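Printed here is structure-v4.pdb (PDB, C-alpha atoms and all ligand atoms):
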```pdb
ATOM      1  CA  MET F   1    -136.513  85.570   0.830
ATOM      2  CA  LYS F   2    -137.318  86.937   4.250
ATOM      3  CA  LYS F   3    -135.885  83.857   5.905
ATOM      4  CA  PHE F   4    -132.740  84.088   3.829
ATOM      5  CA  LEU F   5    -132.132  87.658   4.921
ATOM      6  CA  THR F   6    -132.807  86.824   8.539
ATOM      7  CA  ILE F   7    -130.190  84.126   8.482
ATOM      8  CA  LEU F   8    -127.602  86.358   6.897
ATOM      9  CA  ALA F   9    -128.258  88.976   9.539
ATOM     10  CA  ALA F  10    -127.829  86.414  12.307
ATOM     11  CA  VAL F  11    -124.607  85.204  10.797
ATOM     12  CA  ALA F  12    -123.255  88.719  10.504
ATOM     13  CA  LEU F  13    -124.101  89.458  14.122
ATOM     14  CA  THR F  14    -122.422  86.414  15.552
ATOM     15  CA  ALA F  15    -119.467  86.401  13.236
ATOM     16  CA  CYS F  16    -118.052  89.829  13.865
ATOM     17  CA  SER F  17    -114.712  88.414  14.912
ATOM     18  CA  GLY F  18    -114.732  85.946  12.073
ATOM     19  CA  ASP F  19    -114.455  86.291   8.376
ATOM     20  CA  MET F  20    -117.978  85.620   7.221
ATOM     21  CA  ASN F  21    -118.400  88.711   5.162
ATOM     22  CA  HIS F  22    -121.094  88.894   2.615
ATOM     23  CA  GLY F  23    -119.957  90.293  -0.700
ATOM     24  CA  GLU F  24    -122.080  93.435  -0.709
ATOM     25  CA  GLY F  25    -122.051  93.904   3.033
ATOM     26  CA  GLY F  26    -118.772  95.708   3.218
ATOM     27  CA  MET F  27    -118.159  94.196   6.632
ATOM     28  CA  SER F  28    -114.562  93.357   6.067
ATOM     29  CA  HIS F  29    -112.261  93.329   9.015
ATOM     30  CA  ALA F  30    -108.964  95.084   8.768
ATOM     31  CA  GLY F  31    -106.165  92.662   9.242
ATOM     32  CA  HIS F  32    -108.150  89.642   8.253
ATOM     33  CA  GLN F  33    -107.054  88.322   4.938
ATOM     34  CA  MET F  34    -109.477  85.493   4.245
ATOM     35  CA  ASP F  35    -111.111  87.204   1.265
ATOM     36  CA  GLU F  36    -114.860  87.010   1.677
ATOM     37  CA  GLY F  37    -114.679  83.875   3.760
ATOM     38  CA  ILE F  38    -117.252  81.166   4.087
ATOM     39  CA  VAL F  39    -120.913  82.073   3.787
ATOM     40  CA  ILE F  40    -123.824  80.002   5.050
ATOM     41  CA  SER F  41    -127.342  80.400   3.714
ATOM     42  CA  SER F  42    -130.718  78.641   3.892
ATOM     43  CA  ALA F  43    -129.796  77.098   7.228
ATOM     44  CA  ARG F  44    -132.537  75.260   9.089
ATOM     45  CA  VAL F  45    -132.955  72.580  11.713
ATOM     46  CA  LEU F  46    -135.658  69.944  11.460
ATOM     47  CA  PRO F  47    -136.851  68.682  14.836
ATOM     48  CA  PRO F  48    -137.046  64.956  15.589
ATOM     49  CA  PHE F  49    -140.074  63.062  14.409
ATOM     50  CA  PRO F  50    -142.552  62.089  17.118
ATOM     51  CA  GLY F  51    -141.103  59.408  19.331
ATOM     52  CA  ARG F  52    -137.554  59.994  18.138
ATOM     53  CA  ASP F  53    -134.818  62.291  19.390
ATOM     54  CA  THR F  54    -132.609  62.918  16.383
ATOM     55  CA  ALA F  55    -132.856  66.323  14.734
ATOM     56  CA  ALA F  56    -131.421  67.101  11.314
ATOM     57  CA  GLY F  57    -129.622  70.210  10.076
ATOM     58  CA  TYR F  58    -129.296  71.540   6.553
ATOM     59  CA  PHE F  59    -127.671  74.569   4.971
ATOM     60  CA  SER F  60    -125.852  75.760   1.932
ATOM     61  CA  ILE F  61    -122.197  76.629   2.414
ATOM     62  CA  THR F  62    -120.087  78.647  -0.013
ATOM     63  CA  ASN F  63    -116.346  79.072   0.251
ATOM     64  CA  HIS F  64    -115.678  82.544  -1.146
ATOM     65  CA  SER F  65    -112.062  82.467  -0.066
ATOM     66  CA  LYS F  66    -109.190  81.526  -2.312
ATOM     67  CA  VAL F  67    -108.116  78.553  -0.241
ATOM     68  CA  ASP F  68    -109.742  75.155   0.084
ATOM     69  CA  ASP F  69    -111.085  74.455   3.541
ATOM     70  CA  THR F  70    -113.010  71.732   5.352
ATOM     71  CA  LEU F  71    -115.984  71.851   7.668
ATOM     72  CA  VAL F  72    -114.608  69.494  10.290
ATOM     73  CA  SER F  73    -117.298  69.509  12.961
ATOM     74  CA  VAL F  74    -120.459  71.167  14.190
ATOM     75  CA  SER F  75    -121.640  71.599  17.747
ATOM     76  CA  SER F  76    -124.849  72.806  19.326
ATOM     77  CA  PRO F  77    -126.146  73.317  22.861
ATOM     78  CA  ILE F  78    -129.200  71.200  22.021
ATOM     79  CA  SER F  79    -127.203  68.051  21.279
ATOM     80  CA  GLY F  80    -124.125  66.464  22.786
ATOM     81  CA  ALA F  81    -123.423  64.636  19.549
ATOM     82  CA  VAL F  82    -123.747  66.438  16.241
ATOM     83  CA  GLU F  83    -122.447  64.318  13.395
ATOM     84  CA  ILE F  84    -121.859  65.108   9.754
ATOM     85  CA  HIS F  85    -123.346  62.447   7.519
ATOM     86  CA  ASN F  86    -123.526  61.713   3.864
ATOM     87  CA  HIS F  87    -125.501  59.310   1.744
ATOM     88  CA  ILE F  88    -123.184  56.964  -0.060
ATOM     89  CA  GLU F  89    -124.093  54.327  -2.583
ATOM     90  CA  GLU F  90    -122.898  50.892  -1.569
ATOM     91  CA  ASP F  91    -123.696  47.889  -3.740
ATOM     92  CA  GLY F  92    -126.437  49.878  -5.412
ATOM     93  CA  VAL F  93    -128.040  50.857  -2.104
ATOM     94  CA  MET F  94    -127.957  54.347  -0.640
ATOM     95  CA  LYS F  95    -126.670  54.260   2.913
ATOM     96  CA  MET F  96    -125.981  56.934   5.470
ATOM     97  CA  ARG F  97    -122.491  57.208   6.803
ATOM     98  CA  GLN F  98    -120.790  59.530   9.223
ATOM     99  CA  VAL F  99    -118.035  61.466   7.460
ATOM    100  CA  LYS F 100    -114.946  63.168   8.876
ATOM    101  CA  GLY F 101    -115.831  66.499   7.331
ATOM    102  CA  ILE F 102    -117.130  68.266   4.263
ATOM    103  CA  PRO F 103    -114.514  69.473   1.768
ATOM    104  CA  LEU F 104    -115.096  73.115   0.824
ATOM    105  CA  LYS F 105    -113.233  73.866  -2.349
ATOM    106  CA  ALA F 106    -112.384  77.513  -2.960
ATOM    107  CA  GLY F 107    -115.155  79.188  -4.900
ATOM    108  CA  GLU F 108    -117.603  76.309  -4.588
ATOM    109  CA  THR F 109    -120.907  75.742  -2.834
ATOM    110  CA  VAL F 110    -121.905  72.566  -1.013
ATOM    111  CA  GLU F 111    -125.523  71.906  -0.220
ATOM    112  CA  LEU F 112    -126.521  70.013   2.913
ATOM    113  CA  LYS F 113    -129.893  68.523   2.043
ATOM    114  CA  PRO F 114    -131.940  65.348   2.357
ATOM    115  CA  GLY F 115    -130.263  62.531   0.453
ATOM    116  CA  SER F 116    -126.856  64.210   0.575
ATOM    117  CA  PHE F 117    -124.661  65.753   3.260
ATOM    118  CA  HIS F 118    -126.621  66.553   6.407
ATOM    119  CA  LEU F 119    -126.186  67.109  10.114
ATOM    120  CA  MET F 120    -127.532  64.579  12.564
ATOM    121  CA  MET F 121    -128.128  65.942  16.028
ATOM    122  CA  PHE F 122    -128.541  63.010  18.385
ATOM    123  CA  LYS F 123    -130.544  63.124  21.615
ATOM    124  CA  ALA F 124    -131.692  66.586  20.647
ATOM    125  CA  ASN F 125    -133.237  68.655  23.407
ATOM    126  CA  LEU F 126    -135.645  70.734  21.373
ATOM    127  CA  PRO F 127    -138.832  71.539  23.270
ATOM    128  CA  GLU F 128    -142.004  72.216  21.314
ATOM    129  CA  GLY F 129    -142.133  75.920  20.569
ATOM    130  CA  GLN F 130    -138.408  76.547  20.456
ATOM    131  CA  GLU F 131    -137.890  78.567  17.307
ATOM    132  CA  ASP F 132    -134.173  78.590  16.787
ATOM    133  CA  VAL F 133    -131.015  76.706  17.545
ATOM    134  CA  SER F 134    -127.427  77.804  17.884
ATOM    135  CA  LEU F 135    -124.936  75.952  15.686
ATOM    136  CA  THR F 136    -121.165  76.377  15.818
ATOM    137  CA  LEU F 137    -119.282  75.447  12.690
ATOM    138  CA  ASN F 138    -115.646  74.493  13.036
ATOM    139  CA  TYR F 139    -113.379  74.678  10.016
ATOM    140  CA  GLU F 140    -109.946  73.359   9.362
ATOM    141  CA  LYS F 141    -108.611  76.832   8.493
ATOM    142  CA  ALA F 142    -111.263  79.523   8.895
ATOM    143  CA  PRO F 143    -112.230  80.588  12.430
ATOM    144  CA  SER F 144    -115.221  78.868  14.020
ATOM    145  CA  VAL F 145    -118.525  80.628  13.544
ATOM    146  CA  THR F 146    -121.674  80.422  15.662
ATOM    147  CA  MET F 147    -125.001  81.129  14.024
ATOM    148  CA  ILE F 148    -128.649  81.075  14.983
ATOM    149  CA  VAL F 149    -130.692  78.760  12.801
ATOM    150  CA  PRO F 150    -134.486  78.619  12.587
ATOM    151  CA  VAL F 151    -136.331  75.432  13.463
ATOM    152  CA  GLU F 152    -138.667  74.332  10.704
ATOM    153  CA  GLY F 153    -142.034  72.775  11.356
ATOM    154  CA  ARG F 154    -142.462  69.138  12.141
ATOM    155  CA  GLY F 155    -143.570  67.852   8.787
ATOM    156  CA  GLU F 156    -144.586  64.474   7.509
ATOM    157  CA  PRO F 157    -141.781  61.964   7.871
ATOM    158  CA  SER F 158    -140.261  61.361   4.474
ATOM    159  CA  LYS F 159    -138.240  58.322   3.624
ATOM    160  CA  MET F 160    -135.043  60.258   3.070
ATOM    161  CA  ASP F 161    -135.239  61.859   6.472
ATOM    162  CA  ASP F 162    -136.172  58.745   8.366
ATOM    163  CA  HIS F 163    -133.170  57.884  10.445
ATOM    164  CA  SER F 164    -134.687  54.889  12.122
ATOM    165  CA  GLY F 165    -132.016  52.825  10.439
ATOM    166  CA  HIS F 166    -129.301  54.342  12.589
TER     167      HIS F 166
HETATM  168 CU    CU Y 201    -127.792  60.783   9.047
END
```

Please rewrite the model in this file as structure tokens.
Amino acid sequence: MKKFLTILAAVALTACSGDMNHGEGGMSHAGHQMDEGIVISSARVLPPFPGRDTAAGYFSITNHSKVDDTLVSVSSPISGAVEIHNHIEEDGVMKMRQVKGIPLKAGETVELKPGSFHLMMFKANLPEGQEDVSLTLNYEKAPSVTMIVPVEGRGEPSKMDDHSGH
């Protein structure tokens, strides 16, 4: 829960010109009519596995506005090439594919997680000890938002997260 609150606080700080208001926060901006906007939670970046240089990013994204939107791209100072991927079943085999964006239907939540949508951050420059990463999310309609995302520990490589097949 502590991590969740920290992330919300970071989002609120960096999004003051945007529309990322949290329901109870009362941080609405006069003149901005995007309802409660798009809210990110549980964001985290997983550093590359030893000997690799591709980091992964996950978060949960809820479109509280009344209009459908799309997350079209993500950028970060630690990687020159952040791609949005999804796992898609092809001929009975799950494969990873780059996608053009993530549809964000009004009122719905999309989870970026292993085995589903995820961010791939190629040639990531993430020195040991760096604790957070800046991510900028670019939407089709809503204004871009930059947030600070914690780096999670280097865990055991799991099959889902192994991007050696790229
Ligand atoms: Cu991928």

As a list of chain:residue names, please: every protein or nucleic acid residue near ligand CU 201 (chain Y) (cut-off 8 Å, counting all atoms listed in the file). F:Ala56, F:Glu83, F:Ile84, F:His85, F:Asn86, F:His87, F:Met96, F:Arg97, F:Gln98, F:His118, F:Leu119, F:Met120, F:Asp161, F:His163, F:His166

Residue with smallest distance to Ser76 of chain F - pool F:Ala142, F:Gly37, F:Glu108, F:Ala55, counting all atoms listed in the file: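 Once distances to Ser76 of chain F are computed over all atoms listed in the file, the minimum belongs to F:Ala55.
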
Under the PyMOL selection byres (((chain F and resi 72) around 10) and not hetatm), which residues of this model are included? Write them out as a list in words.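 Output from the PyMOL selection byres (((chain F and resi 72) around 10) and not hetatm), applied to this file: Asp69, Thr70, Leu71, Ser73, Val74, Glu83, Ile84, Val99, Lys100, Gly101, Ile102, Pro103, Leu137, Asn138, Tyr139, Glu140 and Lys141 of chain F.
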
Counting all atoms listed in the file, which residue out of F:Ala106, F:Val145, F:Leu135, F:Ile88 sits closest to Glu36 of chain F?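 Among the listed residues, F:Ala106 lies closest to Glu36 of chain F.
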
Size and centre in Å, one decimal, axis-aligned box, all listed segment 111-127 of chain F atoms plus 6 Å per side, as JSON:
```
{"center_x": -131.7, "center_y": 67.2, "center_z": 11.6, "size_x": 26.2, "size_y": 21.4, "size_z": 35.6}
```

From the options F:Gly107, F:Gly57, F:Gly115, F:Pro127, which residue's atoms come nearest to Val39 of chain F, counting all atoms listed in the file? F:Gly107

Exercise: residues within 7 Å of coordinate (-135.0, 76.0, 13.2), counting all atoms listed in the file, as a PyMOL selection string: chain F and resi 44-46+131-133+149-152

What does the file look like for those residues with C-alpha atoms, as a PDB file, in the coordinates of the input?
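So the final result, stored in selection_37.pdb, reads:
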```
ATOM      1  CA  ARG F  44    -132.537  75.260   9.089  1.00  0.00           C
ATOM      2  CA  VAL F  45    -132.955  72.580  11.713  1.00  0.00           C
ATOM      3  CA  LEU F  46    -135.658  69.944  11.460  1.00  0.00           C
ATOM      4  CA  GLU F 131    -137.890  78.567  17.307  1.00  0.00           C
ATOM      5  CA  ASP F 132    -134.173  78.590  16.787  1.00  0.00           C
ATOM      6  CA  VAL F 133    -131.015  76.706  17.545  1.00  0.00           C
ATOM      7  CA  VAL F 149    -130.692  78.760  12.801  1.00  0.00           C
ATOM      8  CA  PRO F 150    -134.486  78.619  12.587  1.00  0.00           C
ATOM      9  CA  VAL F 151    -136.331  75.432  13.463  1.00  0.00           C
ATOM     10  CA  GLU F 152    -138.667  74.332  10.704  1.00  0.00           C
TER      11      GLU F 152
END
```

Between atom CA of Phe117 of chain F and atom CA of Gly92 of chain F - distance in Å to one decimal: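 Here the two named atoms are 18.2 Å from each other.
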
Selected residue of minimal separation from Thr136 of chain F among F:Pro114, F:Ser75, F:Lys123, F:Phe59, counting only C-alpha atoms: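 With only C-alpha atoms as the atom set, the closest residue is F:Ser75.
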
Give me, please, the distance in Å between atom CA of Gly129 of chain F and atom CA of Ala81 of chain F, quoted to one decimal.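 Interatomic distance here is 21.9 Å.
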
Hits from the PyMOL selection byres (((chain F and resi 41) around 6) and not hetatm), listed as an NGL selection string: :F and (40 or 42-43 or 59-60)

d(atom CA of Glu89 of chain F, atom CA of His64 of chain F) in Å: 29.5 Å

Which of these, F:Thr54, F:Ser116, F:Ser134, F:Thr109, has the shortest distance to Asp68 of chain F once you count only C-alpha atoms?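 Under the stated criterion, the closest residue is F:Thr109.
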
Please determine, counting all atoms listed in the file, which residue among F:Val110, F:Ile38, F:Ile78, F:Pro143 has the shortest atom-to-atom distance to Asp53 of chain F.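 Counting all atoms listed in the file, the residue closest to Asp53 of chain F is F:Ile78.
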